[in-house]
Amino acid sequence: MPLRVIAGTAKGRKLKDVPGDTTRPVTDRVKEALFNILASDVDDSRWWDLFGGTGAIGIEALSRGAAFVRFSDLNRLPIETIKANLETTGFSKKAEVRRGDAFAMLAGHPDAEFDYLYIAPPQYKEMWLKALQLADQHPDWWSEGAWVIVQINPVEYKDVELQHFEKFDERKYGSTLLIFYEKLPVPESNAS
């Protein structure tokens, strides 16, 4: 099944796949389910597609009205694929593509604020856990009520204690598990 944009302004546009087998593209079923959950909240939102791969999730968000997406990936082939897919869909001006280590970027000084962080890393290496923990340790990256969405194989899942985020939902689609975390409100300080 070829990769494609399933809804919005770029609906039906075919996306290039990353050559080789280093990435695992998200299925239309999972993508459709995810964006049905998000619905109109995508409008004007700002995303960080952390392990960008083909860029399919971030591009789907842009097609459905997101204001901006940062794509990041460590490897050259995914970065080239994301850039090509942004050209094909006409979203290059609403996106930023950064090549580099996801963990180093998350641990870095926040230069933007995002409403959604999408984490779909290489499987079975606990990379999702490390990324989630770093996102939690650096709350200045995230807007009030921001979501972290993790896409992993269900066998990888484990409970994790977080300070700034709270798990509020999970959905399983075959061999894909989506886990949703929301940023907790900052407690009012007692200082007046």
# chains A, B, ... in the order shown; residues from 1 in each chain; ligands from 1
>>> select_by_dssp(residues="range 15-183 of chain A", states="strand (DSSP E or B)", output="number ranges by chain")
A: 46-49, 68-73, 95-99, 114-119, 142-152, 165-173, 176-183
>>> residues_around(residues="range 33-35 of chain A", least_positions_apart="4", cutoff="12 Å", atoms="only C-alpha atoms", output="VMD selection string")
chain A and resid 5 to 8 26 to 29 39 to 43 57 to 66 118 149 to 151 169 to 173 176 to 180
>>> residues_around(residues="Ala146 in chain A", least_positions_apart="6", cutoff="9 Å", atoms="only C-alpha atoms", output="PDB file with N, CA and C atoms, in the first residue's frame")
ATOM      1  N   PHE A 114       5.835  23.846  21.520  1.00  0.00           N
ATOM      2  CA  PHE A 114       5.035  22.934  20.711  1.00  0.00           C
ATOM      3  C   PHE A 114       3.805  22.454  21.461  1.00  0.00           C
ATOM      4  N   ASP A 115       2.746  22.169  20.688  1.00  0.00           N
ATOM      5  CA  ASP A 115       1.499  21.640  21.238  1.00  0.00           C
ATOM      6  C   ASP A 115       1.488  20.112  21.221  1.00  0.00           C
ATOM      7  N   TYR A 116       2.224  19.533  20.263  1.00  0.00           N
ATOM      8  CA  TYR A 116       2.276  18.072  20.131  1.00  0.00           C
ATOM      9  C   TYR A 116       3.706  17.609  19.884  1.00  0.00           C
ATOM     10  N   LEU A 117       4.077  16.548  20.588  1.00  0.00           N
ATOM     11  CA  LEU A 117       5.331  15.850  20.313  1.00  0.00           C
ATOM     12  C   LEU A 117       4.947  14.433  19.910  1.00  0.00           C
ATOM     13  N   PHE A 165       3.931  15.438  32.898  1.00  0.00           N
ATOM     14  CA  PHE A 165       2.943  14.840  31.996  1.00  0.00           C
ATOM     15  C   PHE A 165       2.212  13.710  32.700  1.00  0.00           C
ATOM     16  N   TYR A 181      -0.149  11.310  26.413  1.00  0.00           N
ATOM     17  CA  TYR A 181       0.211  11.974  27.664  1.00  0.00           C
ATOM     18  C   TYR A 181      -0.120  13.456  27.515  1.00  0.00           C
ATOM     19  N   GLU A 182      -0.635  14.064  28.586  1.00  0.00           N
ATOM     20  CA  GLU A 182      -0.950  15.489  28.550  1.00  0.00           C
ATOM     21  C   GLU A 182      -0.118  16.218  29.585  1.00  0.00           C
ATOM     22  N   LYS A 183       0.346  17.417  29.206  1.00  0.00           N
ATOM     23  CA  LYS A 183       1.115  18.240  30.147  1.00  0.00           C
ATOM     24  C   LYS A 183       0.188  18.732  31.250  1.00  0.00           C
ATOM     25  N   LEU A 184       0.634  18.543  32.472  1.00  0.00           N
ATOM     26  CA  LEU A 184      -0.145  18.963  33.635  1.00  0.00           C
ATOM     27  C   LEU A 184      -0.059  20.481  33.804  1.00  0.00           C
TER      28      LEU A 184
END
>>> residues_around(residues="Pro78 in chain A", least_positions_apart="4", cutoff="9 Å", atoms="only C-alpha atoms", output="list in words")
Asp17, Val18, Pro19, Thr22, Thr23, Gly52, Gly53, Thr54, Gly55, Ser72, Asp73, Leu74, Ile82 and Lys83 of chain A
>>> write_last_selection(atoms="C-alpha atoms", output="mmCIF file, in the first residue's frame")
data_model
loop_
_atom_site.group_PDB
_atom_site.id
_atom_site.type_symbol
_atom_site.label_atom_id
_atom_site.label_comp_id
_atom_site.auth_asym_id
_atom_site.auth_seq_id
_atom_site.Cartn_x
_atom_site.Cartn_y
_atom_site.Cartn_z
ATOM 1 C CA ASP A 17 9.125 5.915 1.419
ATOM 2 C CA VAL A 18 12.571 5.958 3.034
ATOM 3 C CA PRO A 19 14.811 3.571 1.035
ATOM 4 C CA THR A 22 15.322 1.501 8.692
ATOM 5 C CA THR A 23 11.869 3.036 9.157
ATOM 6 C CA GLY A 52 10.556 11.900 11.434
ATOM 7 C CA GLY A 53 11.054 8.900 9.130
ATOM 8 C CA THR A 54 8.956 9.669 6.030
ATOM 9 C CA GLY A 55 7.352 12.692 7.670
ATOM 10 C CA SER A 72 13.928 15.688 13.085
ATOM 11 C CA ASP A 73 15.833 12.529 12.300
ATOM 12 C CA LEU A 74 19.363 11.330 12.802
ATOM 13 C CA ILE A 82 10.953 14.279 4.478
ATOM 14 C CA LYS A 83 12.212 17.207 2.371
#
>>> residues_around(residues="Pro139 in chain A", least_positions_apart="5", cutoff="12 Å", atoms="only C-alpha atoms", output="MDAnalysis selection string")
chainID A and resid 106:110 112:115 117 132:134 144:148 162:165 182:186
>>> write_last_selection(atoms="N, CA and C atoms", output="PDB file, in the first residue's frame")
ATOM      1  N   LEU A 106      16.146  17.293  22.420  1.00  0.00           N
ATOM      2  CA  LEU A 106      15.185  17.437  23.524  1.00  0.00           C
ATOM      3  C   LEU A 106      15.847  17.998  24.776  1.00  0.00           C
ATOM      4  N   ALA A 107      17.107  17.646  24.982  1.00  0.00           N
ATOM      5  CA  ALA A 107      17.833  18.109  26.169  1.00  0.00           C
ATOM      6  C   ALA A 107      18.374  19.526  25.985  1.00  0.00           C
ATOM      7  N   GLY A 108      18.297  20.032  24.751  1.00  0.00           N
ATOM      8  CA  GLY A 108      18.835  21.360  24.452  1.00  0.00           C
ATOM      9  C   GLY A 108      17.938  22.480  24.950  1.00  0.00           C
ATOM     10  N   HIS A 109      18.403  23.703  24.747  1.00  0.00           N
ATOM     11  CA  HIS A 109      17.657  24.881  25.170  1.00  0.00           C
ATOM     12  C   HIS A 109      16.446  25.075  24.258  1.00  0.00           C
ATOM     13  N   PRO A 110      15.231  25.179  24.817  1.00  0.00           N
ATOM     14  CA  PRO A 110      14.037  25.343  23.985  1.00  0.00           C
ATOM     15  C   PRO A 110      14.095  26.623  23.142  1.00  0.00           C
ATOM     16  N   ALA A 112      11.535  27.034  20.779  1.00  0.00           N
ATOM     17  CA  ALA A 112      10.157  27.120  20.281  1.00  0.00           C
ATOM     18  C   ALA A 112       9.261  26.447  21.311  1.00  0.00           C
ATOM     19  N   GLU A 113       7.955  26.574  21.109  1.00  0.00           N
ATOM     20  CA  GLU A 113       7.002  25.913  21.997  1.00  0.00           C
ATOM     21  C   GLU A 113       6.050  25.087  21.125  1.00  0.00           C
ATOM     22  N   PHE A 114       5.835  23.846  21.520  1.00  0.00           N
ATOM     23  CA  PHE A 114       5.035  22.934  20.711  1.00  0.00           C
ATOM     24  C   PHE A 114       3.805  22.454  21.461  1.00  0.00           C
ATOM     25  N   ASP A 115       2.746  22.169  20.688  1.00  0.00           N
ATOM     26  CA  ASP A 115       1.499  21.640  21.238  1.00  0.00           C
ATOM     27  C   ASP A 115       1.488  20.112  21.221  1.00  0.00           C
ATOM     28  N   LEU A 117       4.077  16.548  20.588  1.00  0.00           N
ATOM     29  CA  LEU A 117       5.331  15.850  20.313  1.00  0.00           C
ATOM     30  C   LEU A 117       4.947  14.433  19.910  1.00  0.00           C
ATOM     31  N   LEU A 132      10.480  10.278  25.984  1.00  0.00           N
ATOM     32  CA  LEU A 132       9.383  10.725  26.845  1.00  0.00           C
ATOM     33  C   LEU A 132       9.928  11.333  28.141  1.00  0.00           C
ATOM     34  N   GLN A 133      10.914  10.677  28.736  1.00  0.00           N
ATOM     35  CA  GLN A 133      11.503  11.185  29.977  1.00  0.00           C
ATOM     36  C   GLN A 133      12.199  12.532  29.750  1.00  0.00           C
ATOM     37  N   LEU A 134      12.891  12.671  28.607  1.00  0.00           N
ATOM     38  CA  LEU A 134      13.536  13.952  28.301  1.00  0.00           C
ATOM     39  C   LEU A 134      12.499  15.054  28.067  1.00  0.00           C
ATOM     40  N   GLU A 144       0.946  24.983  27.256  1.00  0.00           N
ATOM     41  CA  GLU A 144       0.026  24.531  28.306  1.00  0.00           C
ATOM     42  C   GLU A 144      -0.916  23.482  27.716  1.00  0.00           C
ATOM     43  N   GLY A 145      -1.050  22.345  28.385  1.00  0.00           N
ATOM     44  CA  GLY A 145      -1.934  21.284  27.899  1.00  0.00           C
ATOM     45  C   GLY A 145      -1.398  20.515  26.699  1.00  0.00           C
ATOM     46  N   ALA A 146      -0.100  20.667  26.407  1.00  0.00           N
ATOM     47  CA  ALA A 146       0.499  19.964  25.258  1.00  0.00           C
ATOM     48  C   ALA A 146       0.371  18.450  25.423  1.00  0.00           C
ATOM     49  N   TRP A 147       0.383  17.758  24.313  1.00  0.00           N
ATOM     50  CA  TRP A 147       0.313  16.295  24.305  1.00  0.00           C
ATOM     51  C   TRP A 147       1.607  15.702  23.786  1.00  0.00           C
ATOM     52  N   VAL A 148       2.005  14.599  24.393  1.00  0.00           N
ATOM     53  CA  VAL A 148       3.033  13.729  23.828  1.00  0.00           C
ATOM     54  C   VAL A 148       2.310  12.465  23.382  1.00  0.00           C
ATOM     55  N   LEU A 162       6.189  10.270  35.627  1.00  0.00           N
ATOM     56  CA  LEU A 162       6.521  11.554  35.023  1.00  0.00           C
ATOM     57  C   LEU A 162       6.134  12.678  35.980  1.00  0.00           C
ATOM     58  N   GLN A 163       6.810  13.789  35.843  1.00  0.00           N
ATOM     59  CA  GLN A 163       6.567  14.931  36.711  1.00  0.00           C
ATOM     60  C   GLN A 163       5.603  15.931  36.076  1.00  0.00           C
ATOM     61  N   HIS A 164       5.767  16.191  34.778  1.00  0.00           N
ATOM     62  CA  HIS A 164       5.015  17.254  34.104  1.00  0.00           C
ATOM     63  C   HIS A 164       3.928  16.732  33.162  1.00  0.00           C
ATOM     64  N   PHE A 165       3.931  15.438  32.898  1.00  0.00           N
ATOM     65  CA  PHE A 165       2.943  14.840  31.996  1.00  0.00           C
ATOM     66  C   PHE A 165       2.212  13.710  32.700  1.00  0.00           C
ATOM     67  N   GLU A 182      -0.635  14.064  28.586  1.00  0.00           N
ATOM     68  CA  GLU A 182      -0.950  15.489  28.550  1.00  0.00           C
ATOM     69  C   GLU A 182      -0.118  16.218  29.585  1.00  0.00           C
ATOM     70  N   LYS A 183       0.346  17.417  29.206  1.00  0.00           N
ATOM     71  CA  LYS A 183       1.115  18.240  30.147  1.00  0.00           C
ATOM     72  C   LYS A 183       0.188  18.732  31.250  1.00  0.00           C
ATOM     73  N   LEU A 184       0.634  18.543  32.472  1.00  0.00           N
ATOM     74  CA  LEU A 184      -0.145  18.963  33.635  1.00  0.00           C
ATOM     75  C   LEU A 184      -0.059  20.481  33.804  1.00  0.00           C
ATOM     76  N   PRO A 185      -1.124  21.071  34.349  1.00  0.00           N
ATOM     77  CA  PRO A 185      -1.062  22.525  34.603  1.00  0.00           C
ATOM     78  C   PRO A 185       0.061  22.825  35.596  1.00  0.00           C
ATOM     79  N   VAL A 186       0.703  23.960  35.420  1.00  0.00           N
ATOM     80  CA  VAL A 186       1.750  24.375  36.350  1.00  0.00           C
ATOM     81  C   VAL A 186       1.059  24.824  37.641  1.00  0.00           C
TER      82      VAL A 186
END
>>> atom_distance(atom1="CA of Trp142 in chain A", atom2="CA of Glu166 in chain A")
13.5 Å
>>> decode(residues="range 67-184 of chain A", atoms="C-alpha atoms", output="PDB file, in the first residue's frame")
ATOM      1  CA  ALA A  67       0.466  25.863  11.658  1.00  0.00           C
ATOM      2  CA  PHE A  68       3.996  24.429  11.846  1.00  0.00           C
ATOM      3  CA  VAL A  69       5.879  21.139  12.117  1.00  0.00           C
ATOM      4  CA  ARG A  70       9.492  20.527  13.064  1.00  0.00           C
ATOM      5  CA  PHE A  71      10.772  17.236  11.693  1.00  0.00           C
ATOM      6  CA  SER A  72      13.928  15.688  13.085  1.00  0.00           C
ATOM      7  CA  ASP A  73      15.833  12.529  12.300  1.00  0.00           C
ATOM      8  CA  LEU A  74      19.363  11.330  12.802  1.00  0.00           C
ATOM      9  CA  ASN A  75      19.911   9.812   9.362  1.00  0.00           C
ATOM     10  CA  ARG A  76      20.390  11.362   5.940  1.00  0.00           C
ATOM     11  CA  LEU A  77      17.883   9.202   4.016  1.00  0.00           C
ATOM     12  CA  PRO A  78      14.863  10.059   6.202  1.00  0.00           C
ATOM     13  CA  ILE A  79      15.838  13.751   6.124  1.00  0.00           C
ATOM     14  CA  GLU A  80      16.004  13.696   2.293  1.00  0.00           C
ATOM     15  CA  THR A  81      12.696  11.771   2.161  1.00  0.00           C
ATOM     16  CA  ILE A  82      10.953  14.279   4.478  1.00  0.00           C
ATOM     17  CA  LYS A  83      12.212  17.207   2.371  1.00  0.00           C
ATOM     18  CA  ALA A  84      10.979  15.530  -0.837  1.00  0.00           C
ATOM     19  CA  ASN A  85       7.578  14.782   0.738  1.00  0.00           C
ATOM     20  CA  LEU A  86       7.249  18.380   1.941  1.00  0.00           C
ATOM     21  CA  GLU A  87       7.977  19.580  -1.623  1.00  0.00           C
ATOM     22  CA  THR A  88       5.385  17.158  -3.060  1.00  0.00           C
ATOM     23  CA  THR A  89       2.710  18.350  -0.645  1.00  0.00           C
ATOM     24  CA  GLY A  90       3.637  22.046  -0.787  1.00  0.00           C
ATOM     25  CA  PHE A  91       4.267  22.379   2.952  1.00  0.00           C
ATOM     26  CA  SER A  92       7.978  23.292   2.944  1.00  0.00           C
ATOM     27  CA  LYS A  93       7.282  26.844   4.174  1.00  0.00           C
ATOM     28  CA  LYS A  94       5.339  25.567   7.215  1.00  0.00           C
ATOM     29  CA  ALA A  95       8.035  23.103   8.231  1.00  0.00           C
ATOM     30  CA  GLU A  96      11.567  22.884   9.523  1.00  0.00           C
ATOM     31  CA  VAL A  97      13.709  19.798   8.972  1.00  0.00           C
ATOM     32  CA  ARG A  98      16.613  19.191  11.365  1.00  0.00           C
ATOM     33  CA  ARG A  99      19.131  16.402  11.172  1.00  0.00           C
ATOM     34  CA  GLY A 100      20.501  15.377  14.533  1.00  0.00           C
ATOM     35  CA  ASP A 101      20.173  13.266  17.639  1.00  0.00           C
ATOM     36  CA  ALA A 102      16.635  13.409  19.047  1.00  0.00           C
ATOM     37  CA  PHE A 103      17.816  13.097  22.646  1.00  0.00           C
ATOM     38  CA  ALA A 104      20.378  15.893  22.332  1.00  0.00           C
ATOM     39  CA  MET A 105      17.725  18.127  20.748  1.00  0.00           C
ATOM     40  CA  LEU A 106      15.185  17.437  23.524  1.00  0.00           C
ATOM     41  CA  ALA A 107      17.833  18.109  26.169  1.00  0.00           C
ATOM     42  CA  GLY A 108      18.835  21.360  24.452  1.00  0.00           C
ATOM     43  CA  HIS A 109      17.657  24.881  25.170  1.00  0.00           C
ATOM     44  CA  PRO A 110      14.037  25.343  23.985  1.00  0.00           C
ATOM     45  CA  ASP A 111      13.893  27.625  20.924  1.00  0.00           C
ATOM     46  CA  ALA A 112      10.157  27.120  20.281  1.00  0.00           C
ATOM     47  CA  GLU A 113       7.002  25.913  21.997  1.00  0.00           C
ATOM     48  CA  PHE A 114       5.035  22.934  20.711  1.00  0.00           C
ATOM     49  CA  ASP A 115       1.499  21.640  21.238  1.00  0.00           C
ATOM     50  CA  TYR A 116       2.276  18.072  20.131  1.00  0.00           C
ATOM     51  CA  LEU A 117       5.331  15.850  20.313  1.00  0.00           C
ATOM     52  CA  TYR A 118       5.070  12.680  18.225  1.00  0.00           C
ATOM     53  CA  ILE A 119       7.467   9.902  19.249  1.00  0.00           C
ATOM     54  CA  ALA A 120       7.690   6.899  16.876  1.00  0.00           C
ATOM     55  CA  PRO A 121      11.283   5.680  17.219  1.00  0.00           C
ATOM     56  CA  PRO A 122      13.052   2.525  16.028  1.00  0.00           C
ATOM     57  CA  GLN A 123      11.450  -0.351  17.928  1.00  0.00           C
ATOM     58  CA  TYR A 124      12.621  -2.472  20.862  1.00  0.00           C
ATOM     59  CA  LYS A 125      15.406  -0.131  22.014  1.00  0.00           C
ATOM     60  CA  GLU A 126      13.442   1.762  24.707  1.00  0.00           C
ATOM     61  CA  MET A 127      14.108   4.954  22.740  1.00  0.00           C
ATOM     62  CA  TRP A 128      10.482   6.023  23.243  1.00  0.00           C
ATOM     63  CA  LEU A 129      10.992   5.877  26.996  1.00  0.00           C
ATOM     64  CA  LYS A 130      14.154   7.977  26.911  1.00  0.00           C
ATOM     65  CA  ALA A 131      12.479  10.549  24.625  1.00  0.00           C
ATOM     66  CA  LEU A 132       9.383  10.725  26.845  1.00  0.00           C
ATOM     67  CA  GLN A 133      11.503  11.185  29.977  1.00  0.00           C
ATOM     68  CA  LEU A 134      13.536  13.952  28.301  1.00  0.00           C
ATOM     69  CA  ALA A 135      10.330  15.678  27.170  1.00  0.00           C
ATOM     70  CA  ASP A 136       9.154  15.532  30.782  1.00  0.00           C
ATOM     71  CA  GLN A 137      12.453  16.907  32.114  1.00  0.00           C
ATOM     72  CA  HIS A 138      12.303  19.906  29.738  1.00  0.00           C
ATOM     73  CA  PRO A 139       8.775  21.305  30.162  1.00  0.00           C
ATOM     74  CA  ASP A 140       9.624  24.666  28.539  1.00  0.00           C
ATOM     75  CA  TRP A 141       9.370  23.052  25.095  1.00  0.00           C
ATOM     76  CA  TRP A 142       5.640  22.435  25.539  1.00  0.00           C
ATOM     77  CA  SER A 143       2.627  24.726  25.561  1.00  0.00           C
ATOM     78  CA  GLU A 144       0.026  24.531  28.306  1.00  0.00           C
ATOM     79  CA  GLY A 145      -1.934  21.284  27.899  1.00  0.00           C
ATOM     80  CA  ALA A 146       0.499  19.964  25.258  1.00  0.00           C
ATOM     81  CA  TRP A 147       0.313  16.295  24.305  1.00  0.00           C
ATOM     82  CA  VAL A 148       3.033  13.729  23.828  1.00  0.00           C
ATOM     83  CA  ILE A 149       1.894  10.879  21.589  1.00  0.00           C
ATOM     84  CA  VAL A 150       3.969   7.697  21.561  1.00  0.00           C
ATOM     85  CA  GLN A 151       3.698   5.087  18.791  1.00  0.00           C
ATOM     86  CA  ILE A 152       5.251   1.714  19.716  1.00  0.00           C
ATOM     87  CA  ASN A 153       4.678  -2.017  19.547  1.00  0.00           C
ATOM     88  CA  PRO A 154       2.443  -2.996  22.513  1.00  0.00           C
ATOM     89  CA  VAL A 155       5.123  -5.372  23.898  1.00  0.00           C
ATOM     90  CA  GLU A 156       7.417  -2.374  24.456  1.00  0.00           C
ATOM     91  CA  TYR A 157       5.040  -0.541  26.792  1.00  0.00           C
ATOM     92  CA  LYS A 158       5.758  -0.002  30.469  1.00  0.00           C
ATOM     93  CA  ASP A 159       4.433   2.431  33.040  1.00  0.00           C
ATOM     94  CA  VAL A 160       6.667   5.418  33.601  1.00  0.00           C
ATOM     95  CA  GLU A 161       6.611   8.011  36.364  1.00  0.00           C
ATOM     96  CA  LEU A 162       6.521  11.554  35.023  1.00  0.00           C
ATOM     97  CA  GLN A 163       6.567  14.931  36.711  1.00  0.00           C
ATOM     98  CA  HIS A 164       5.015  17.254  34.104  1.00  0.00           C
ATOM     99  CA  PHE A 165       2.943  14.840  31.996  1.00  0.00           C
ATOM    100  CA  GLU A 166       0.197  12.367  32.760  1.00  0.00           C
ATOM    101  CA  LYS A 167      -0.959   9.414  30.678  1.00  0.00           C
ATOM    102  CA  PHE A 168      -4.637   9.764  29.845  1.00  0.00           C
ATOM    103  CA  ASP A 169      -5.337   7.273  27.047  1.00  0.00           C
ATOM    104  CA  GLU A 170      -3.974   4.417  24.987  1.00  0.00           C
ATOM    105  CA  ARG A 171      -5.304   2.788  21.824  1.00  0.00           C
ATOM    106  CA  LYS A 172      -4.165  -0.462  20.237  1.00  0.00           C
ATOM    107  CA  TYR A 173      -4.390  -1.143  16.498  1.00  0.00           C
ATOM    108  CA  GLY A 174      -2.928  -4.565  15.717  1.00  0.00           C
ATOM    109  CA  SER A 175       0.807  -4.355  16.371  1.00  0.00           C
ATOM    110  CA  THR A 176       0.693  -0.597  17.014  1.00  0.00           C
ATOM    111  CA  LEU A 177       0.013   1.061  20.351  1.00  0.00           C
ATOM    112  CA  LEU A 178      -0.648   4.795  20.635  1.00  0.00           C
ATOM    113  CA  ILE A 179      -0.174   6.237  24.129  1.00  0.00           C
ATOM    114  CA  PHE A 180      -1.301   9.756  24.980  1.00  0.00           C
ATOM    115  CA  TYR A 181       0.211  11.974  27.664  1.00  0.00           C
ATOM    116  CA  GLU A 182      -0.950  15.489  28.550  1.00  0.00           C
ATOM    117  CA  LYS A 183       1.115  18.240  30.147  1.00  0.00           C
ATOM    118  CA  LEU A 184      -0.145  18.963  33.635  1.00  0.00           C
TER     119      LEU A 184
END
